[in-house]
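Pasting structure.txt here (compact mmCIF, C-alpha atoms):
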# COMPACT_ATOMS: atom_id res chain seq x y z
CA MET A 1 0.00 0.00 0.00
CA LYS A 2 0.97 3.64 -0.01
CA ALA A 3 1.94 5.62 3.06
CA PRO A 4 -0.60 8.02 4.54
CA ARG A 5 -0.01 11.77 4.42
CA PHE A 6 2.59 13.22 6.73
CA SER A 7 4.86 16.23 6.90
CA TYR A 8 8.57 15.77 6.45
CA VAL A 9 11.53 17.65 7.85
CA ARG A 10 15.14 16.97 7.08
CA ALA A 11 16.77 18.02 10.34
CA GLU A 12 19.88 20.17 10.11
CA SER A 13 20.75 20.15 13.82
CA LEU A 14 19.97 18.30 17.02
CA GLU A 15 18.42 21.50 18.39
CA GLN A 16 15.93 21.45 15.54
CA VAL A 17 15.08 17.83 16.38
CA PHE A 18 14.55 18.79 20.05
CA GLU A 19 12.31 21.67 19.04
CA LEU A 20 10.17 19.50 16.74
CA LEU A 21 9.92 16.71 19.31
CA LYS A 22 8.81 19.25 21.90
CA GLN A 23 6.24 20.62 19.49
CA TYR A 24 4.82 17.36 18.14
CA GLY A 25 5.58 14.81 20.90
CA GLU A 26 4.15 11.40 20.09
CA ASP A 27 2.78 12.64 16.75
CA ALA A 28 6.36 12.83 15.46
CA ARG A 29 8.47 9.88 14.34
CA ILE A 30 12.23 9.99 13.98
CA LEU A 31 13.26 8.66 10.57
CA ALA A 32 16.70 7.03 10.78
CA GLY A 33 17.25 3.96 8.57
CA GLY A 34 13.51 3.63 8.10
CA GLN A 35 13.70 -0.15 7.74
CA SER A 36 11.01 -0.69 10.37
CA LEU A 37 9.25 2.67 10.24
CA ILE A 38 8.57 2.81 6.50
CA PRO A 39 6.97 -0.67 6.37
CA THR A 40 4.55 0.42 9.12
CA LEU A 41 3.76 3.57 7.10
CA ASN A 42 3.29 1.62 3.87
CA MET A 43 0.95 -0.76 5.67
CA ARG A 44 -0.75 2.18 7.40
CA LEU A 45 -0.08 0.72 10.82
CA SER A 46 1.09 4.13 11.93
CA GLN A 47 0.03 7.63 10.94
CA PRO A 48 2.48 10.17 12.32
CA ALA A 49 1.86 13.87 11.71
CA ILE A 50 5.51 14.46 10.90
CA LEU A 51 8.67 12.55 10.08
CA ILE A 52 11.92 14.02 11.37
CA ASP A 53 14.68 12.75 9.09
CA ILE A 54 17.97 12.63 11.02
CA ASN A 55 20.08 11.05 8.28
CA ARG A 56 22.18 14.16 7.68
CA LEU A 57 23.16 14.72 11.32
CA ASP A 58 26.86 13.89 11.27
CA MET A 59 27.22 14.05 15.06
CA LEU A 60 25.09 10.91 15.30
CA LYS A 61 27.38 8.92 13.01
CA GLY A 62 30.45 6.80 13.52
CA ILE A 63 31.93 4.15 15.77
CA SER A 64 34.87 4.87 18.03
CA ALA A 65 36.83 3.23 20.82
CA GLY A 66 37.27 5.20 24.03
CA ASP A 67 38.38 4.48 27.58
CA GLY A 68 37.08 0.98 28.18
CA ALA A 69 34.03 1.42 25.99
CA VAL A 70 32.96 1.65 22.39
CA ARG A 71 30.75 4.53 21.29
CA ILE A 72 28.31 3.57 18.57
CA GLY A 73 26.57 6.58 17.07
CA ALA A 74 22.81 6.17 16.73
CA LEU A 75 23.09 6.52 12.94
CA ALA A 76 25.80 3.87 12.47
CA ARG A 77 24.39 1.54 9.80
CA HIS A 78 24.25 -2.20 10.52
CA ALA A 79 26.59 -2.81 7.57
CA GLU A 80 29.08 -0.36 9.07
CA VAL A 81 28.92 -2.10 12.47
CA ALA A 82 29.30 -5.49 10.76
CA GLU A 83 32.46 -4.39 8.96
CA SER A 84 33.97 -2.32 11.77
CA PRO A 85 37.37 -3.53 13.01
CA VAL A 86 36.67 -1.75 16.34
CA ILE A 87 33.53 -3.85 16.84
CA ALA A 88 35.27 -7.07 15.73
CA ALA A 89 38.13 -6.53 18.18
CA ARG A 90 36.26 -5.11 21.17
CA LEU A 91 32.67 -6.32 20.96
CA PRO A 92 32.75 -9.86 19.53
CA LEU A 93 29.17 -10.49 20.73
CA ILE A 94 27.84 -7.75 18.46
CA ALA A 95 30.04 -8.93 15.59
CA ALA A 96 28.63 -12.46 16.02
CA ALA A 97 25.04 -11.19 16.11
CA MET A 98 25.27 -8.88 13.11
CA PRO A 99 24.95 -11.53 10.35
CA HIS A 100 21.56 -12.43 11.86
CA VAL A 101 20.25 -8.89 11.38
CA ALA A 102 17.90 -8.98 8.40
CA HIS A 103 19.36 -9.07 4.88
CA VAL A 104 22.10 -7.18 3.09
CA ALA A 105 19.91 -4.41 1.63
CA VAL A 106 18.33 -3.78 5.03
CA ARG A 107 21.71 -3.81 6.80
CA ASN A 108 22.99 -1.23 4.32
CA ARG A 109 20.38 1.25 5.47
CA GLY A 110 19.12 0.20 8.91
CA THR A 111 20.79 1.79 11.91
CA PHE A 112 22.08 0.52 15.24
CA GLY A 113 20.35 3.30 17.15
CA GLY A 114 17.09 2.77 15.33
CA SER A 115 17.06 -0.89 16.26
CA VAL A 116 17.81 -0.17 19.92
CA ALA A 117 15.34 2.72 20.17
CA LEU A 118 12.50 0.79 18.52
CA ALA A 119 13.00 -2.16 20.93
CA ASP A 120 11.43 -4.75 18.69
CA PRO A 121 11.28 -7.87 20.88
CA ALA A 122 12.80 -10.02 18.10
CA ALA A 123 15.70 -7.64 17.41
CA GLU A 124 19.28 -8.70 18.05
CA MET A 125 20.94 -5.41 19.03
CA PRO A 126 18.85 -4.64 22.13
CA ALA A 127 19.72 -8.11 23.47
CA CYS A 128 23.43 -7.57 22.83
CA VAL A 129 23.47 -4.14 24.47
CA LEU A 130 21.76 -5.57 27.54
CA ALA A 131 24.05 -8.62 27.69
CA LEU A 132 27.13 -6.39 27.60
CA GLY A 133 25.74 -3.89 30.11
CA GLY A 134 25.66 -0.95 27.70
CA THR A 135 24.45 2.58 28.33
CA LEU A 136 21.95 4.44 26.17
CA VAL A 137 22.44 8.17 25.79
CA VAL A 138 19.28 10.15 25.05
CA ALA A 139 19.00 13.89 24.56
CA GLY A 140 16.29 16.51 24.38
CA ALA A 141 15.61 20.15 25.08
CA ARG A 142 15.74 19.31 28.80
CA GLY A 143 19.29 17.94 28.48
CA ARG A 144 21.12 14.64 28.15
CA ARG A 145 20.48 11.48 30.14
CA GLU A 146 22.40 8.25 30.35
CA ILE A 147 20.25 5.18 30.89
CA ALA A 148 21.59 1.72 31.73
CA ALA A 149 20.33 -0.96 29.35
CA GLU A 150 18.75 -2.73 32.36
CA ASP A 151 16.47 0.28 32.82
CA PHE A 152 15.94 1.15 29.16
CA PHE A 153 13.84 -1.73 27.79
CA ARG A 154 10.45 -1.54 29.48
CA GLY A 155 8.16 -3.70 27.37
CA LEU A 156 6.88 -4.36 23.88
CA TYR A 157 8.38 -1.48 21.83
CA GLU A 158 8.51 0.45 25.10
CA THR A 159 11.64 2.15 26.35
CA ALA A 160 12.68 4.71 28.93
CA ARG A 161 13.13 7.31 26.18
CA GLU A 162 10.56 10.10 26.58
CA PRO A 163 8.62 11.32 23.52
CA ASP A 164 10.64 14.57 23.52
CA GLU A 165 13.98 12.76 23.51
CA ILE A 166 16.14 11.16 20.83
CA LEU A 167 18.66 8.35 21.25
CA VAL A 168 22.02 9.86 20.26
CA GLU A 169 24.53 7.15 21.04
CA VAL A 170 25.09 3.80 22.68
CA ARG A 171 28.15 3.11 24.82
CA VAL A 172 29.11 -0.51 25.26
CA PRO A 173 31.92 -1.60 27.60
CA THR A 174 34.76 -3.36 25.76
CA GLU A 175 34.55 -7.09 26.36
CA ALA A 176 37.18 -7.93 29.00
CA PRO A 177 40.09 -10.26 28.32
CA GLY A 178 39.21 -13.77 29.46
CA THR A 179 35.53 -13.44 28.63
CA VAL A 180 33.70 -15.19 25.81
CA SER A 181 30.58 -14.36 23.84
CA VAL A 182 28.11 -16.58 22.05
CA PHE A 183 25.12 -15.45 20.01
CA LEU A 184 22.50 -17.93 18.86
CA GLU A 185 19.22 -17.41 17.07
CA LEU A 186 16.53 -19.54 15.48
CA ALA A 187 14.54 -18.14 12.56
CA GLN A 188 12.42 -19.67 9.79
CA ARG A 189 14.79 -18.34 7.16
CA HIS A 190 18.21 -16.82 7.83
CA GLY A 191 17.74 -13.09 8.33
CA ASP A 192 14.05 -13.31 9.17
CA PHE A 193 12.59 -12.33 12.53
CA ALA A 194 13.86 -14.58 15.30
CA ILE A 195 11.61 -17.15 16.95
CA ALA A 196 14.03 -17.60 19.85
CA GLY A 197 17.45 -16.21 20.58
CA LEU A 198 20.14 -15.84 23.21
CA ALA A 199 23.02 -13.43 23.74
CA CYS A 200 25.53 -14.91 26.19
CA HIS A 201 28.57 -13.21 27.68
CA ALA A 202 30.57 -15.21 30.21
CA ARG A 203 33.78 -15.48 32.15
CA ILE A 204 34.88 -19.09 32.26
CA GLU A 205 37.87 -20.29 34.28
CA GLY A 206 38.85 -23.85 33.47
CA ASP A 207 35.56 -25.70 33.46
CA THR A 208 33.94 -23.28 35.88
CA VAL A 209 31.58 -20.56 34.75
CA ALA A 210 32.71 -17.73 37.04
CA ASP A 211 29.82 -15.59 35.91
CA ALA A 212 27.60 -15.25 32.88
CA ARG A 213 25.02 -12.87 31.53
CA LEU A 214 22.24 -14.55 29.60
CA VAL A 215 19.84 -12.37 27.65
CA TYR A 216 16.89 -14.01 25.90
CA PHE A 217 15.00 -12.32 23.10
CA ALA A 218 12.24 -13.00 20.54
CA SER A 219 10.27 -15.18 22.97
CA GLU A 220 9.72 -12.31 25.42
CA ASP A 221 8.13 -8.87 25.18
CA ARG A 222 11.60 -7.35 25.64
CA PRO A 223 15.18 -8.61 25.89
CA ARG A 224 15.25 -10.37 29.23
CA LEU A 225 18.16 -10.94 31.61
CA ALA A 226 17.66 -14.44 33.04
CA LYS A 227 18.68 -13.80 36.63
CA GLY A 228 17.65 -17.20 37.98
CA ALA A 229 19.59 -19.08 35.31
CA MET A 230 22.58 -16.78 35.81
CA ALA A 231 22.55 -17.48 39.56
CA ALA A 232 22.33 -21.22 38.87
CA LEU A 233 25.43 -20.91 36.67
CA ALA A 234 27.66 -18.65 38.74
CA GLY A 235 30.68 -20.41 40.13
CA LYS A 236 29.59 -23.83 38.84
CA ALA A 237 31.33 -26.32 36.62
CA TRP A 238 29.44 -26.79 33.36
CA ASN A 239 28.17 -30.35 33.65
CA ASP A 240 24.87 -32.23 33.44
CA GLY A 241 23.77 -31.13 36.91
CA THR A 242 24.41 -27.45 36.19
CA ARG A 243 22.75 -27.77 32.80
CA ALA A 244 19.59 -29.15 34.42
CA ALA A 245 19.57 -26.43 37.09
CA VAL A 246 20.07 -23.61 34.56
CA ILE A 247 17.48 -24.92 32.16
CA GLY A 248 15.07 -25.46 35.06
CA ALA A 249 15.51 -21.89 36.27
CA LEU A 250 14.33 -20.57 32.91
CA THR A 251 10.77 -21.55 33.81
CA ASP A 252 10.69 -18.63 36.25
CA ASP A 253 12.97 -16.29 34.27
CA LEU A 254 11.05 -16.36 31.02
CA ASP A 255 7.48 -15.54 30.13
CA PRO A 256 7.25 -16.46 26.44
CA MET A 257 4.64 -14.87 24.20
CA THR A 258 2.58 -16.96 21.82
CA ASN A 259 2.61 -15.65 18.26
CA LEU A 260 2.41 -16.95 14.69
CA ASP A 261 5.78 -18.65 15.12
CA GLY A 262 4.57 -20.87 17.92
CA GLY A 263 3.22 -21.21 21.41
CA ALA A 264 4.77 -20.31 24.74
CA ALA A 265 5.72 -23.90 25.59
CA MET A 266 7.53 -24.38 22.28
CA LYS A 267 9.43 -21.12 22.72
CA LEU A 268 10.49 -22.05 26.24
CA HIS A 269 11.71 -25.37 24.87
CA LEU A 270 13.69 -23.65 22.11
CA GLN A 271 15.29 -21.21 24.57
CA ARG A 272 16.34 -24.16 26.74
CA VAL A 273 17.90 -25.90 23.75
CA LEU A 274 19.75 -22.71 22.82
CA THR A 275 20.97 -22.34 26.42
CA GLY A 276 22.65 -25.75 26.34
CA ARG A 277 24.20 -25.04 22.95
CA ALA A 278 25.39 -21.59 23.97
CA LEU A 279 27.15 -22.74 27.11
CA ASP A 280 28.68 -25.76 25.36
CA ALA A 281 30.05 -23.29 22.80
CA ALA A 282 31.17 -20.80 25.45
CA VAL A 283 33.10 -23.46 27.37
CA ALA A 284 34.68 -24.74 24.15
CA GLN A 285 35.62 -21.17 23.17
CA ALA A 286 37.23 -20.53 26.58
CA ARG A 287 39.14 -23.79 26.37
CA ALA A 288 40.47 -22.95 22.91
CA ALA A 289 41.56 -19.46 23.98
CA MET B 1 15.31 21.91 0.99
CA THR B 2 15.04 21.52 4.76
CA MET B 3 11.68 22.21 6.33
CA ASN B 4 8.66 20.93 4.53
CA THR B 5 5.23 20.81 6.01
CA GLU B 6 3.71 20.81 2.54
CA ASP B 7 2.82 17.67 0.68
CA THR B 8 5.59 18.09 -1.86
CA ALA B 9 9.28 18.94 -2.07
CA GLU B 10 11.78 19.52 -4.84
CA ILE B 11 14.68 17.08 -5.10
CA THR B 12 17.72 16.81 -7.31
CA CYS B 13 19.50 13.50 -7.69
CA THR B 14 21.57 11.54 -10.17
CA VAL B 15 19.82 8.55 -11.68
CA ASN B 16 21.87 6.24 -13.89
CA GLY B 17 24.35 9.03 -14.45
CA GLU B 18 21.78 11.67 -15.37
CA ARG B 19 20.97 14.59 -13.14
CA VAL B 20 17.24 14.99 -12.54
CA THR B 21 15.22 17.58 -10.66
CA ARG B 22 11.60 16.87 -9.80
CA THR B 23 8.92 17.84 -7.37
CA VAL B 24 7.87 14.78 -5.38
CA ARG B 25 5.19 14.06 -2.83
CA VAL B 26 6.96 13.59 0.49
CA ARG B 27 5.04 10.37 1.16
CA GLN B 28 6.13 8.80 -2.13
CA HIS B 29 8.72 6.06 -1.86
CA LEU B 30 11.73 5.87 -4.11
CA VAL B 31 10.52 3.11 -6.42
CA ASP B 32 7.20 4.79 -7.17
CA PHE B 33 9.24 7.86 -8.08
CA LEU B 34 11.58 5.90 -10.35
CA ARG B 35 8.76 3.99 -12.03
CA GLY B 36 6.09 6.67 -12.17
CA GLU B 37 8.07 9.87 -12.66
CA LEU B 38 11.12 8.62 -14.55
CA GLN B 39 9.49 5.65 -16.35
CA LEU B 40 12.26 3.37 -15.10
CA THR B 41 10.03 0.36 -14.70
CA GLY B 42 12.76 -2.23 -14.31
CA SER B 43 12.60 -1.89 -10.52
CA HIS B 44 9.60 -3.95 -9.52
CA LEU B 45 7.23 -3.40 -6.67
CA GLY B 46 6.23 -6.62 -4.95
CA CYS B 47 5.34 -6.52 -1.28
CA GLU B 48 6.00 -2.83 -0.67
CA HIS B 49 7.13 -3.48 2.88
CA GLY B 50 10.69 -4.67 2.57
CA ILE B 51 10.24 -8.43 2.44
CA CYS B 52 10.53 -9.47 -1.21
CA GLY B 53 13.51 -7.52 -2.57
CA ALA B 54 12.05 -6.99 -6.06
CA CYS B 55 12.52 -3.21 -5.70
CA SER B 56 16.25 -3.37 -4.90
CA VAL B 57 18.19 -0.37 -6.24
CA ARG B 58 21.66 1.02 -5.61
CA VAL B 59 21.80 4.24 -3.61
CA GLY B 60 25.13 5.80 -2.73
CA GLY B 61 26.95 2.71 -3.97
CA VAL B 62 25.06 0.11 -1.93
CA VAL B 63 21.95 -1.96 -2.55
CA VAL B 64 18.84 -0.88 -0.65
CA ARG B 65 15.12 -1.61 -0.63
CA GLY B 66 13.60 1.01 -2.90
CA CYS B 67 10.25 0.76 -1.13
CA LEU B 68 11.82 1.50 2.27
CA MET B 69 13.27 4.85 1.35
CA LEU B 70 11.32 8.00 0.55
CA ALA B 71 11.97 9.74 -2.74
CA VAL B 72 12.51 12.98 -0.80
CA GLN B 73 15.40 11.28 1.02
CA ALA B 74 17.15 10.72 -2.30
CA ASP B 75 17.85 14.45 -2.65
CA GLY B 76 21.53 14.69 -3.54
CA ALA B 77 21.92 10.92 -3.88
CA GLU B 78 23.45 8.84 -6.64
CA ILE B 79 21.00 6.15 -7.75
CA VAL B 80 21.56 3.23 -10.08
CA THR B 81 18.63 1.09 -11.24
CA ILE B 82 18.69 -2.13 -13.23
CA GLU B 83 18.51 -0.02 -16.41
CA GLY B 84 21.72 1.79 -15.51
CA LEU B 85 23.42 -1.36 -14.30
CA THR B 86 22.59 -3.06 -17.60
CA ASP B 87 23.77 -0.12 -19.72
CA SER B 88 27.06 0.02 -17.85
CA GLU B 89 27.61 -3.69 -18.65
CA GLU B 90 28.77 -4.20 -15.08
CA VAL B 91 26.69 -7.38 -14.85
CA ALA B 92 26.62 -8.43 -18.52
CA ASP B 93 28.38 -11.68 -17.57
CA LEU B 94 25.89 -12.35 -14.79
CA GLN B 95 22.96 -11.70 -17.12
CA GLU B 96 24.41 -14.15 -19.66
CA ASN B 97 24.75 -16.74 -16.94
CA PHE B 98 21.15 -16.13 -15.81
CA VAL B 99 20.02 -16.99 -19.35
CA ALA B 100 22.40 -19.92 -19.71
CA ARG B 101 21.33 -21.47 -16.40
CA ASN B 102 17.59 -20.72 -16.66
CA ALA B 103 17.89 -18.59 -13.54
CA LEU B 104 14.62 -16.83 -14.28
CA GLN B 105 11.18 -17.85 -15.37
CA CYS B 106 8.61 -15.09 -14.93
CA GLY B 107 11.39 -12.55 -14.42
CA PHE B 108 9.66 -10.47 -11.75
CA CYS B 109 12.41 -10.95 -9.15
CA THR B 110 15.28 -10.80 -11.62
CA PRO B 111 16.15 -7.07 -11.47
CA GLY B 112 16.34 -7.25 -7.67
CA MET B 113 18.35 -10.45 -7.79
CA LEU B 114 20.83 -8.87 -10.20
CA MET B 115 21.11 -5.68 -8.12
CA THR B 116 21.85 -7.71 -4.98
CA ALA B 117 24.18 -10.21 -6.65
CA ALA B 118 26.07 -7.27 -8.23
CA GLU B 119 27.10 -6.15 -4.73
CA LEU B 120 28.44 -9.61 -3.89
CA LEU B 121 30.33 -9.80 -7.20
CA ALA B 122 31.72 -6.28 -6.81
CA SER B 123 33.28 -7.21 -3.46
CA GLY B 124 35.72 -9.37 -5.43
CA ARG B 125 35.78 -11.92 -2.64
CA PRO B 126 35.21 -15.63 -3.17
CA ALA B 127 31.95 -16.99 -1.77
CA SER B 128 30.65 -20.50 -1.17
CA ARG B 129 27.21 -21.55 -2.42
CA GLU B 130 26.01 -21.20 1.14
CA GLN B 131 27.36 -17.65 1.33
CA ILE B 132 25.74 -16.81 -2.02
CA ARG B 133 22.40 -18.11 -0.71
CA GLU B 134 22.79 -16.08 2.47
CA PHE B 135 23.63 -12.93 0.48
CA LEU B 136 20.54 -13.39 -1.71
CA SER B 137 18.31 -14.46 1.19
CA GLY B 138 16.47 -11.13 1.18
CA ASN B 139 15.25 -11.60 -2.39
CA PHE B 140 12.26 -13.82 -3.05
CA CYS B 141 11.87 -15.92 -6.19
CA ARG B 142 8.68 -17.93 -6.52
CA CYS B 143 9.61 -19.69 -9.78
CA THR B 144 13.07 -21.16 -9.81
CA GLY B 145 13.60 -22.66 -6.37
CA TYR B 146 16.79 -20.55 -6.25
CA HIS B 147 19.11 -23.37 -7.32
CA ALA B 148 19.64 -22.00 -10.83
CA ILE B 149 20.12 -18.47 -9.48
CA VAL B 150 22.86 -19.67 -7.13
CA ASP B 151 24.37 -21.56 -10.10
CA ALA B 152 24.44 -18.38 -12.20
CA VAL B 153 26.00 -16.25 -9.47
CA GLU B 154 28.51 -18.94 -8.59
CA ALA B 155 29.52 -19.36 -12.25
CA THR B 156 29.94 -15.61 -12.68
CA LEU B 157 31.98 -15.30 -9.52
CA ARG B 158 34.23 -18.17 -10.59
CA GLN B 159 34.73 -16.71 -14.05
CA ARG B 160 35.63 -13.33 -12.60
CA LEU B 161 38.05 -14.72 -10.04
CA GLU B 162 39.70 -16.93 -12.68
CA GLY B 163 39.61 -14.22 -15.35
Go ahead and express the file in the form of structure tokens.
Amino acid sequence: MKAPRFSYVRAESLEQVFELLKQYGEDARILAGGQSLIPTLNMRLSQPAILIDINRLDMLKGISAGDGAVRIGALARHAEVAESPVIAARLPLIAAAMPHVAHVAVRNRGTFGGSVALADPAAEMPACVLALGGTLVVAGARGRREIAAEDFFRGLYETAREPDEILVEVRVPTEAPGTVSVFLELAQRHGDFAIAGLACHARIEGDTVADARLVYFASEDRPRLAKGAMAALAGKAWNDGTRAAVIGALTDDLDPMTNLDGGAAMKLHLQRVLTGRALDAAVAQARAA
Amino acid sequence: MTMNTEDTAEITCTVNGERVTRTVRVRQHLVDFLRGELQLTGSHLGCEHGICGACSVRVGGVVVRGCLMLAVQADGAEIVTIEGLTDSEEVADLQENFVARNALQCGFCTPGMLMTAAELLASGRPASREQIREFLSGNFCRCTGYHAIVDAVEATLRQRLEG
């Protein structure tokens, strides 16, 4: 179908974006890569009064390594993140997840910040940012705020960003030496929306999982940190007993949604299968290192 | 062109090497502009929400979904459609291999397939059949079952790397 009528502004400065967001609030949509927004317009699932195109705002671009963290500008394209040597060297979890993000033409245009700000429950980048304990930087006329990933994702497409704010950058701590990352996802067709997925970041010493962060996505309404499973893992050797305890804890950690891909019970099952695979891979990766 | 609360805006872009200036409706997507305003009907419109890949065009040197970009966003951009790609002979070898391998039947997906495969070929890197499939995974074909398309891309890649 064709998009409904809307006004369009190509923003020339962040101040202009702040002003328009203040003026239009929830009737405005920020147009970054547009790879999720424009389909909803074409299908008339959303009817914003105005699109604020931020594609020419250079201050939102780029990827750079700083003191112990990587700054990913909100407008960094997925393809740019995928090919970035900074990401490959410092954030292997994100590098591993990137090939699962849609298809080449979408990665060429879609943005890292757009994915995080939209908070689609099946998206890979929100899960990675949460698994690595990233910080989201939002800005508006009232100033800048830094929000921990734990506090940012609030529900289905719901985040802690206020309607008069824009996500400007994401800061992700460099993965520490001695840690490993595994990213697994199940989808009907490679690149399609995930049915179940897991971002795992762990410190493994010998056969013992010193600590691990497990973030599940696609089955839940938001990327979810599995605190029960993480507690069942911490300080334990990875063996059949630990596997059973971790997989058992997921019953309380997860609250899978039923959708066209399958029911809640099937999704819980798939997440359990992925958990076993991810930790097998993490232990193997640590051993090989 | 910055602020526009009207329904239309004037854009200037380069399409297949030619500079064009037009007034577009701000809600019009790029492929409707290319097909309707410039009569470049080689870019096909299938699903119109970014799933099928039939509308793939090259913008700023990379392949994108033409239905997921507004025409107004193309102001200042360099666009290449299947017409321009064909005229430049960049994929003449690929097109020959598509014919030789029966990599198309109805032909609706073919322009998008060629636009996407062109990016893989231009990288100059070798790719396995699996990697070719993954690269083309965002382009639907409902006729061929993909096998012949992968054959054609693989053959072209091999010829280029050996050539």
Non-local contacts of segment 63-66 of chain B (9 Å; all atoms listed in the file; under 6 positions in same chain excluded) as a ChimeraX atom specification: /A:35,104-109 /B:29-32,43,45,48-51,53-57,115-116,118-119
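Straight-line separation from atom CA of Gly42 of chain B to atom CA of Ser7 of chain A: 29.2 Å.
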Which residues come within 12 Å of Asp261 of chain A, counting all atoms listed in the file, excluding same-chain residues fewer than 6 positions away, as a PyMOL selection string? chain A and resi 122+186-188+192-196+218-219+267+270
With a cut-off of 10 Å and counting all atoms listed in the file, select all residues of chain A in contact with chain B and give the selection as a PyMOL selection string. chain A and resi 1-12+31+33-43+49-53+55-56+99+102-110+189-192
Just how far from atom CA of Ala286 of chain A is atom CA of Pro121 of chain A, in Å to one decimal? 29.4 Å
What does the distance between atom CA of Gly228 of chain A and atom CA of Phe183 of chain A come to in Å, to one decimal place? 19.5 Å
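Nearest to Leu156 of chain A of all the residues A:Asp120, A:Asp211, A:Arg243, A:Phe217 is A:Asp120, counting all atoms listed in the file.
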Just checking: using all atoms listed in the file, which residue out of A:Arg224, A:Lys61, A:Arg161, A:Arg90 ends up closest to Val116 of chain A?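 Using all atoms listed in the file, Val116 of chain A sits closest to A:Arg161.
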Between A:Ser13, A:Ser84, A:Gln47, A:Asn239, which residue has the minimum interatomic distance to Ala28 of chain A, considering all atoms listed in the file? A:Gln47
Among the residues B:Gly36, B:Ile149, B:Thr156, B:Phe108, the one that comes closest to Glu90 of chain B [using all atoms listed in the file]: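 Closest to Glu90 of chain B, using all atoms listed in the file: B:Thr156.
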Taking into account all atoms listed in the file, which residue in the set A:Glu220, A:Asp255, A:Glu83, A:Asp164 is nearest to Leu14 of chain A?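 Under the stated criterion, the closest residue is A:Asp164.
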